[in-house]
>>> print(open('protein-v1.tsv').read())   # TSV, C-alpha atoms and all ligand atoms
chain	number	residue	atom	x	y	z
A	1	MET	CA	74.53	157.78	63.21
A	2	ASN	CA	71.99	159.62	65.35
A	3	ILE	CA	69.02	161.92	64.91
A	4	LYS	CA	70.05	165.56	64.50
A	5	SER	CA	66.59	167.09	64.15
A	6	ILE	CA	63.03	166.51	62.93
A	7	ASN	CA	60.62	168.50	60.80
A	8	SER	CA	56.88	167.98	60.22
A	9	THR	CA	55.57	168.20	56.65
A	10	ASP	CA	52.24	167.35	55.01
A	11	GLU	CA	53.76	164.16	53.58
A	12	GLY	CA	55.21	162.98	56.86
A	13	LEU	CA	57.95	163.47	59.39
A	14	GLU	CA	61.40	164.33	58.13
A	15	ILE	CA	64.28	162.98	60.17
A	16	PHE	CA	67.67	164.59	59.66
A	17	TRP	CA	70.43	162.12	60.46
A	18	SER	CA	73.91	163.01	61.66
A	19	ASP	CA	75.40	161.64	58.40
A	20	SER	CA	73.45	164.38	56.50
A	21	ASN	CA	70.85	161.97	55.08
A	22	VAL	CA	67.14	162.73	55.43
A	23	SER	CA	64.29	160.22	55.75
A	24	CYS	CA	60.64	161.16	55.38
A	25	PHE	CA	58.37	158.74	57.27
A	26	PRO	CA	54.64	158.95	56.33
A	27	TRP	CA	52.33	159.72	59.26
A	28	PHE	CA	50.24	156.62	58.71
A	29	TRP	CA	53.39	154.46	58.71
A	30	LEU	CA	54.56	156.02	61.98
A	31	ARG	CA	51.23	155.32	63.63
A	32	ASP	CA	51.06	151.76	62.27
A	33	HIS	CA	54.58	151.08	63.57
A	34	SER	CA	54.13	152.54	67.03
A	35	GLU	CA	55.96	150.54	69.71
A	36	SER	CA	54.07	151.96	72.70
A	37	PHE	CA	52.72	149.42	75.22
A	38	VAL	CA	49.22	149.93	73.85
A	39	ASP	CA	50.16	149.55	70.20
A	40	LEU	CA	52.72	146.75	70.43
A	41	HIS	CA	52.25	144.11	73.12
A	42	PRO	CA	55.26	144.50	75.45
A	43	ASP	CA	55.73	140.72	75.93
A	44	THR	CA	54.68	139.15	72.65
A	45	LYS	CA	55.82	142.06	70.46
A	46	GLN	CA	52.67	141.48	68.41
A	47	ARG	CA	50.93	144.43	66.81
A	48	GLN	CA	47.87	145.56	68.78
A	49	ILE	CA	47.01	148.78	66.99
A	50	ASP	CA	44.18	148.41	64.51
A	51	SER	CA	45.12	150.70	61.66
A	52	PHE	CA	42.35	149.61	59.32
A	53	SER	CA	38.88	148.94	60.85
A	54	GLU	CA	38.06	152.58	61.58
A	55	PRO	CA	39.64	155.51	59.79
A	56	LEU	CA	42.16	156.97	62.25
A	57	ASP	CA	42.45	160.71	62.62
A	58	ASN	CA	46.10	161.13	61.78
A	59	THR	CA	46.09	164.86	62.36
A	60	VAL	CA	49.21	165.55	64.38
A	61	ASN	CA	48.95	167.46	67.59
A	62	LYS	CA	52.55	167.37	68.70
A	63	VAL	CA	55.83	165.60	67.77
A	64	TRP	CA	58.91	165.41	69.95
A	65	LEU	CA	62.07	163.46	70.75
A	66	ASP	CA	63.15	162.42	74.23
A	67	LYS	CA	66.34	163.71	75.81
A	68	ASN	CA	68.93	161.61	73.95
A	69	ALA	CA	66.80	161.23	70.82
A	70	GLN	CA	66.30	157.55	71.69
A	71	ASN	CA	62.53	157.68	71.17
A	72	LEU	CA	60.19	159.65	68.96
A	73	TYR	CA	56.71	160.55	70.25
A	74	VAL	CA	53.69	161.64	68.24
A	75	LYS	CA	50.52	162.89	69.87
A	76	TRP	CA	47.54	162.64	67.53
A	77	GLU	CA	44.44	164.81	67.42
A	78	ASP	CA	42.37	161.97	68.96
A	79	GLN	CA	44.72	162.15	72.00
A	80	SER	CA	46.35	158.77	71.41
A	81	GLU	CA	50.12	158.68	71.42
A	82	SER	CA	52.64	156.76	69.32
A	83	CYS	CA	56.20	155.98	70.28
A	84	LEU	CA	58.94	154.75	67.94
A	85	SER	CA	62.45	153.85	69.00
A	86	TYR	CA	65.62	155.18	67.42
A	87	GLY	CA	66.58	151.59	66.54
A	88	LEU	CA	63.44	151.00	64.47
A	89	LEU	CA	63.66	154.37	62.70
A	90	LYS	CA	67.32	153.85	61.91
A	91	CYS	CA	66.89	150.38	60.38
A	92	MET	CA	63.90	151.65	58.37
A	93	SER	CA	65.63	154.87	57.27
A	94	THR	CA	65.89	153.73	53.62
A	95	PRO	CA	62.76	152.29	51.97
A	96	ALA	CA	63.28	148.83	50.44
A	97	PRO	CA	61.00	145.90	49.59
A	98	PRO	CA	61.07	143.30	52.37
A	99	GLN	CA	62.95	140.16	51.43
A	100	SER	CA	64.56	137.01	52.74
A	101	ILE	CA	68.01	137.19	54.25
A	102	ALA	CA	70.67	135.76	51.97
A	103	LEU	CA	73.25	133.17	52.97
A	104	GLN	CA	76.43	134.90	54.06
A	105	PHE	CA	79.09	134.41	51.41
A	106	SER	CA	82.14	135.83	53.14
A	107	ASP	CA	83.65	132.38	53.74
A	108	LEU	CA	82.94	130.39	50.63
A	109	TRP	CA	85.02	127.26	50.16
A	110	ASN	CA	85.71	125.60	46.84
A	111	SER	CA	87.91	123.00	48.52
A	112	PRO	CA	88.50	121.97	52.15
A	113	SER	CA	91.85	123.79	52.10
A	114	GLU	CA	89.96	127.07	51.65
A	115	ILE	CA	88.18	126.66	54.98
A	116	LYS	CA	89.68	129.33	57.21
A	117	ASN	CA	89.59	128.65	60.98
A	118	PHE	CA	88.29	125.10	60.84
A	119	PRO	CA	84.83	125.10	62.48
A	120	GLU	CA	85.46	122.79	65.38
A	121	MET	CA	84.75	123.26	69.08
A	122	SER	CA	84.69	121.07	72.16
A	123	TYR	CA	81.56	119.91	73.95
A	124	GLU	CA	82.70	121.91	77.04
A	125	GLU	CA	83.02	125.05	74.91
A	126	LEU	CA	79.53	124.54	73.52
A	127	ILE	CA	77.83	124.15	76.88
A	128	GLY	CA	79.84	127.03	78.38
A	129	ASN	CA	79.27	130.78	78.16
A	130	ASN	CA	78.67	132.05	74.62
A	131	GLY	CA	79.07	128.48	73.33
A	132	ILE	CA	75.91	128.58	71.28
A	133	LYS	CA	76.90	131.90	69.74
A	134	THR	CA	80.26	130.48	68.61
A	135	TRP	CA	78.49	127.37	67.33
A	136	LEU	CA	76.01	129.45	65.29
A	137	GLU	CA	78.73	131.75	63.96
A	138	ASN	CA	80.62	128.72	62.64
A	139	ILE	CA	77.52	127.44	60.86
A	140	GLN	CA	76.82	130.84	59.34
A	141	ARG	CA	80.43	131.29	58.27
A	142	VAL	CA	81.32	127.87	56.83
A	143	GLY	CA	78.00	125.98	56.75
A	144	PHE	CA	78.93	123.34	59.33
A	145	VAL	CA	80.45	122.80	62.75
A	146	LEU	CA	81.99	119.82	64.56
A	147	VAL	CA	81.60	119.35	68.30
A	148	THR	CA	84.22	117.02	69.77
A	149	GLY	CA	84.26	115.23	73.10
A	150	SER	CA	80.49	114.76	73.29
A	151	PRO	CA	79.09	111.86	75.32
A	152	ALA	CA	78.49	109.10	72.75
A	153	THR	CA	74.87	108.41	73.64
A	154	ALA	CA	71.60	109.15	71.90
A	155	GLU	CA	70.25	110.98	74.98
A	156	ALA	CA	73.23	113.36	75.20
A	157	THR	CA	73.04	114.05	71.45
A	158	LYS	CA	69.34	114.87	71.68
A	159	GLU	CA	70.00	117.12	74.69
A	160	LEU	CA	72.77	118.88	72.79
A	161	MET	CA	70.46	119.54	69.83
A	162	GLU	CA	67.71	120.83	72.09
A	163	ARG	CA	70.10	123.34	73.67
A	164	ILE	CA	70.21	125.03	70.28
A	165	ALA	CA	66.72	124.65	68.84
A	166	TYR	CA	63.61	122.53	68.85
A	167	ILE	CA	63.81	119.28	66.92
A	168	ARG	CA	61.60	119.13	63.87
A	169	SER	CA	59.67	116.10	62.87
A	170	SER	CA	59.85	114.65	59.37
A	171	ILE	CA	58.67	111.66	57.35
A	172	PHE	CA	61.51	109.75	59.06
A	173	GLY	CA	60.39	110.70	62.56
A	174	GLU	CA	61.81	113.27	64.92
A	175	PHE	CA	65.06	112.43	66.68
A	176	SER	CA	66.02	108.92	65.65
A	177	VAL	CA	68.70	106.30	66.06
A	178	TRP	CA	69.28	104.01	63.10
A	179	ASP	CA	71.75	101.68	61.45
A	180	ASN	CA	72.30	100.16	58.00
A	181	LYS	CA	70.72	96.83	58.93
A	182	LEU	CA	67.06	97.75	58.41
A	183	GLU	CA	65.08	95.08	56.60
A	184	ASN	CA	62.88	97.45	54.61
A	185	PRO	CA	64.81	100.71	54.39
A	186	ASP	CA	62.76	103.88	53.77
A	187	ASP	CA	65.62	105.62	52.07
A	188	THR	CA	69.07	104.95	50.60
A	189	ALA	CA	70.48	106.71	53.67
A	190	TYR	CA	69.61	103.60	55.71
A	191	THR	CA	71.50	101.25	53.43
A	192	SER	CA	75.18	100.67	52.66
A	193	LEU	CA	74.80	102.20	49.18
A	194	ALA	CA	76.78	105.30	48.28
A	195	ILE	CA	74.75	108.48	47.78
A	196	GLU	CA	75.73	111.31	45.45
A	197	PRO	CA	76.06	114.86	46.83
A	198	HIS	CA	72.60	116.21	47.55
A	199	THR	CA	70.54	118.34	49.90
A	200	ASP	CA	67.77	116.69	51.91
A	201	GLY	CA	64.06	117.32	51.55
A	202	THR	CA	63.82	118.59	47.98
A	203	TYR	CA	60.32	117.03	48.12
A	204	LEU	CA	59.34	119.17	51.15
A	205	HIS	CA	57.96	122.71	50.95
A	206	ASP	CA	60.22	123.55	53.88
A	207	ALA	CA	63.39	121.49	53.63
A	208	PRO	CA	65.27	120.74	56.87
A	209	GLY	CA	67.49	123.65	57.91
A	210	LEU	CA	70.18	122.42	60.27
A	211	GLN	CA	70.88	118.69	60.42
A	212	THR	CA	72.89	116.95	63.10
A	213	LEU	CA	74.63	113.58	62.84
A	214	HIS	CA	76.43	111.58	65.49
A	215	CYS	CA	77.97	108.16	64.94
A	216	ILE	CA	77.35	106.50	68.29
A	217	ARG	CA	78.84	103.12	67.42
A	218	ARG	CA	81.07	102.18	64.57
A	219	ASP	CA	81.73	98.60	63.57
A	220	ALA	CA	82.03	98.70	59.80
A	221	GLU	CA	84.40	99.65	57.02
A	222	GLY	CA	83.67	102.80	55.01
A	223	GLY	CA	80.77	105.09	55.78
A	224	ASN	CA	82.71	108.25	54.99
A	225	ASN	CA	80.78	111.49	54.74
A	226	GLN	CA	81.41	114.32	52.31
A	227	LEU	CA	80.31	117.93	52.57
A	228	ILE	CA	80.30	120.34	49.63
A	229	ASP	CA	79.69	124.09	49.75
A	230	GLY	CA	76.67	124.61	47.47
A	231	LEU	CA	76.91	128.35	47.93
A	232	ALA	CA	80.47	128.32	46.55
A	233	ILE	CA	79.21	126.35	43.52
A	234	ALA	CA	76.45	128.94	43.05
A	235	GLU	CA	78.91	131.84	43.06
A	236	THR	CA	81.28	129.95	40.72
A	237	MET	CA	78.43	129.33	38.28
A	238	ARG	CA	77.21	132.93	38.52
A	239	GLU	CA	80.67	134.02	37.40
A	240	LYS	CA	81.72	131.32	34.96
A	241	HIS	CA	78.40	129.98	33.61
A	242	PRO	CA	75.96	132.92	33.91
A	243	ALA	CA	73.38	131.47	31.49
A	244	ALA	CA	73.34	128.13	33.32
A	245	PHE	CA	73.16	129.94	36.67
A	246	GLU	CA	70.12	131.84	35.43
A	247	ILE	CA	68.39	128.61	34.36
A	248	LEU	CA	69.03	127.01	37.76
A	249	CYS	CA	67.53	130.10	39.44
A	250	ASN	CA	64.36	129.84	37.37
A	251	ILE	CA	63.35	126.23	36.70
A	252	LYS	CA	61.40	124.92	39.67
A	253	ILE	CA	62.50	121.32	39.76
A	254	PRO	CA	60.04	118.85	41.30
A	255	GLY	CA	61.44	116.61	44.04
A	256	ARG	CA	59.48	113.55	45.12
A	257	TYR	CA	59.33	110.90	47.82
A	258	ILE	CA	57.29	107.80	47.09
A	259	LYS	CA	56.34	105.01	49.43
A	260	LEU	CA	53.42	102.60	49.47
A	261	ASP	CA	51.19	104.98	51.46
A	262	THR	CA	53.04	108.27	51.04
A	263	TYR	CA	53.58	110.72	48.22
A	264	LEU	CA	55.43	113.96	48.86
A	265	GLN	CA	56.33	116.52	46.24
A	266	ALA	CA	57.61	120.09	46.18
A	267	HIS	CA	59.13	122.37	43.56
A	268	ARG	CA	62.22	124.51	43.97
A	269	PRO	CA	64.94	125.89	41.75
A	270	VAL	CA	68.51	124.73	42.49
A	271	PHE	CA	69.30	128.32	43.47
A	272	ARG	CA	66.57	130.20	45.32
A	273	ILE	CA	67.45	133.89	45.24
A	274	ASN	CA	66.09	137.09	46.79
A	275	ASP	CA	65.23	140.34	44.97
A	276	ASP	CA	68.90	141.33	45.01
A	277	GLY	CA	69.86	138.08	43.32
A	278	GLU	CA	71.55	136.77	46.46
A	279	ILE	CA	71.28	133.07	47.29
A	280	ILE	CA	68.78	132.12	49.99
A	281	GLN	CA	68.81	128.36	49.51
A	282	VAL	CA	70.51	125.66	47.47
A	283	SER	CA	68.42	122.55	46.65
A	284	PHE	CA	69.76	119.61	44.69
A	285	ASN	CA	68.93	115.93	44.75
A	286	ASN	CA	69.31	114.07	41.49
A	287	HIS	CA	68.06	110.83	43.11
A	288	ASP	CA	64.76	112.44	44.13
A	289	ARG	CA	64.18	114.50	40.96
A	290	ALA	CA	60.64	113.87	39.67
A	291	PRO	CA	59.85	113.65	35.93
A	292	PHE	CA	59.17	116.91	34.12
A	293	ARG	CA	59.42	117.88	30.49
A	294	LEU	CA	60.08	121.32	29.01
A	295	GLU	CA	60.05	122.37	25.37
A	296	ASN	CA	62.87	120.47	23.68
A	297	ASN	CA	65.29	123.39	23.36
A	298	GLU	CA	64.65	124.45	26.96
A	299	MET	CA	65.10	120.89	28.16
A	300	VAL	CA	68.50	120.74	26.48
A	301	ARG	CA	69.56	123.98	28.15
A	302	PHE	CA	68.28	122.73	31.49
A	303	TYR	CA	70.20	119.44	31.22
A	304	GLU	CA	73.38	121.37	30.40
A	305	ALA	CA	72.98	123.69	33.38
A	306	TYR	CA	72.00	120.91	35.78
A	307	GLY	CA	74.92	118.83	34.52
A	308	ILE	CA	77.37	121.65	35.23
A	309	PHE	CA	76.12	121.84	38.81
A	310	HIS	CA	76.16	118.05	39.17
A	311	ASN	CA	79.73	117.77	37.92
A	312	LEU	CA	80.99	120.62	40.10
A	313	ALA	CA	79.37	119.01	43.18
A	314	ASN	CA	80.98	115.68	42.32
A	315	GLN	CA	84.52	117.07	41.96
A	316	THR	CA	86.35	115.26	44.74
A	317	ASN	CA	88.62	118.25	45.39
A	318	ARG	CA	85.52	120.26	46.43
A	319	GLN	CA	84.53	117.71	49.03
A	320	PHE	CA	85.42	117.86	52.68
A	321	GLU	CA	85.59	114.16	53.55
A	322	PHE	CA	85.50	112.84	57.06
A	323	CYS	CA	84.50	109.79	59.00
A	324	LEU	CA	82.33	110.32	62.03
A	325	GLU	CA	83.59	108.76	65.24
A	326	PRO	CA	81.74	108.34	68.53
A	327	GLY	CA	82.00	111.64	70.41
A	328	THR	CA	82.09	113.94	67.37
A	329	VAL	CA	78.79	115.58	66.47
A	330	ILE	CA	78.43	117.35	63.16
A	331	THR	CA	75.76	119.88	62.30
A	332	PHE	CA	75.42	121.36	58.83
A	333	ASP	CA	73.20	123.84	57.04
A	334	ASN	CA	71.10	121.83	54.60
A	335	TRP	CA	70.11	125.08	52.83
A	336	ARG	CA	73.73	125.69	51.89
A	337	LEU	CA	75.83	122.52	51.93
A	338	LEU	CA	75.37	119.31	49.99
A	339	HIS	CA	76.28	116.05	51.66
A	340	ALA	CA	77.10	112.57	50.46
A	401	FE	FE	70.82	113.07	52.87
>>> encode(input="protein-v1.tsv", output="structure tokens")
Amino acid sequence: MNIKSINSTDEGLEIFWSDSNVSCFPWFWLRDHSESFVDLHPDTKQRQIDSFSEPLDNTVNKVWLDKNAQNLYVKWEDQSESCLSYGLLKCMSTPAPPQSIALQFSDLWNSPSEIKNFPEMSYEELIGNNGIKTWLENIQRVGFVLVTGSPATAEATKELMERIAYIRSSIFGEFSVWDNKLENPDDTAYTSLAIEPHTDGTYLHDAPGLQTLHCIRRDAEGGNNQLIDGLAIAETMREKHPAAFEILCNIKIPGRYIKLDTYLQAHRPVFRINDDGEIIQVSFNNHDRAPFRLENNEMVRFYEAYGIFHNLANQTNRQFEFCLEPGTVITFDNWRLLHA
């Protein structure tokens, strides 16, 4: 699609696209979205134009396109000039309320056998050309990725994580090495107890996004991990249990974390959705659910809906089970997958 022609009107500038569609951009919007060096800082890409302090004279003096219609220029009566790129105009061609990007649901998996192209890559592949892109694509597609052949040290694991993003701090520290022999464990995760499928940080306003685990030394029986596609459960419930799905989109369940000197709490529905009803985030942790009480009939409906989710997440045939070995690093999307 490219720009065929333009036409000035009182309402704004009409852009006629090669696919026969027409967009009418208001003059004020065009000026506010100018990408010229003066209006948008060339390095920081932060808006510099002040559209509000003083009334701007948005009388148009001249409008034109450059040679290949890659940029639109507007000269205003006050002699200032706006410039907008084809790319910006094209992606803004249809008005729509801004909203969060949904999780991609092209590769949902209701059982490990449904995982197409198993998301595994070697350490060499990751540190090579386009390695990070492949790594990210796997996470977006399936919700997790395994990196094999990594050096089995804490330093190398930290380095690997920092190649991809900065490491966020949490109540448990930043990057940390731990075992199941702590005397006063902060969390069930540091014990030998089994943990039901859950997402982490339901008590945080901003739950961890990507989480990475590496078993550096293994000298015990058990310790298997399970991953479950929460997005696949969401889509199953949307189809088969629409009323329960609706409830889990609406009730903001409190999650809590309590220690002697710490109290954390946040509220989120199991399914956080955008304006189009698409899933942005799945949050579920029955262990960390804080007390709340609805009207009796609503409470009953909530328990039913929550129970459906719980039982689907606990179906063993949904769970991808694996045992981490030194050298294999797993990263998963905590906004999509549950783990146990
Ligand atoms: Fe966890």
>>> residues_around(input="protein-v1.tsv", residues="A:Cys249", least_positions_apart="3", cutoff="6 Å", atoms="all atoms listed in the file", output="list in words")
Glu246, Pro269, Phe271 and Arg272 of chain A
>>> residues_near_ligand(input="protein-v1.tsv", ligand="ligand FE 401 (chain A)", cutoff="9 Å", atoms="all atoms listed in the file", output="VMD selection string")
chain A and resid 188 to 189 195 197 to 201 285 334 338 to 340
>>> atom_distance(input="protein-v1.tsv", atom1="atom CA of A:Gly128", atom2="atom CA of A:Asp107")
25.5 Å
>>> closest_residue(input="protein-v1.tsv", among="A:Ala244, A:Leu227, A:Leu213, A:Leu260", to="A:Ile330", atoms="only C-alpha atoms")
A:Leu213
>>> atom_distance(input="protein-v1.tsv", atom1="atom CA of A:Ser82", atom2="atom CA of A:Phe52")
16.0 Å
>>> atom_distance(input="protein-v1.tsv", atom1="atom CA of A:Glu14", atom2="atom CA of A:Ser51")
21.5 Å
>>> closest_residue(input="protein-v1.tsv", among="A:Gln79, A:Asn129, A:Thr44, A:Ser176", to="A:Ile216", atoms="all atoms listed in the file")
A:Ser176
>>> decode(input="protein-v1.tsv", residues="stretch 95-122 of chain A", atoms="C-alpha atoms", output="tab-separated table (two decimals), in the first residue's frame")
chain	number	residue	atom	x	y	z
A	95	PRO	CA	-8.54	5.27	13.94
A	96	ALA	CA	-8.69	2.87	16.91
A	97	PRO	CA	-8.42	3.27	20.69
A	98	PRO	CA	-4.88	2.51	21.87
A	99	GLN	CA	-4.59	-0.78	23.70
A	100	SER	CA	-2.20	-3.41	24.98
A	101	ILE	CA	-0.83	-5.98	22.59
A	102	ALA	CA	-2.40	-9.39	23.07
A	103	LEU	CA	-0.51	-12.64	23.50
A	104	GLN	CA	-0.10	-14.33	20.14
A	105	PHE	CA	-2.37	-17.36	19.98
A	106	SER	CA	-1.26	-18.95	16.74
A	107	ASP	CA	0.58	-21.78	18.53
A	108	LEU	CA	-1.59	-22.73	21.46
A	109	TRP	CA	-0.85	-26.09	23.03
A	110	ASN	CA	-3.33	-28.13	25.03
A	111	SER	CA	-0.80	-30.93	25.45
A	112	PRO	CA	2.96	-31.21	24.85
A	113	SER	CA	2.27	-33.23	21.68
A	114	GLU	CA	0.63	-30.13	20.17
A	115	ILE	CA	3.87	-28.15	20.38
A	116	LYS	CA	4.98	-27.73	16.79
A	117	ASN	CA	8.73	-27.23	16.20
A	118	PHE	CA	9.89	-27.84	19.75
A	119	PRO	CA	11.39	-24.55	21.03
A	120	GLU	CA	14.95	-25.63	21.65
A	121	MET	CA	18.21	-24.08	20.49
A	122	SER	CA	21.88	-24.46	21.31
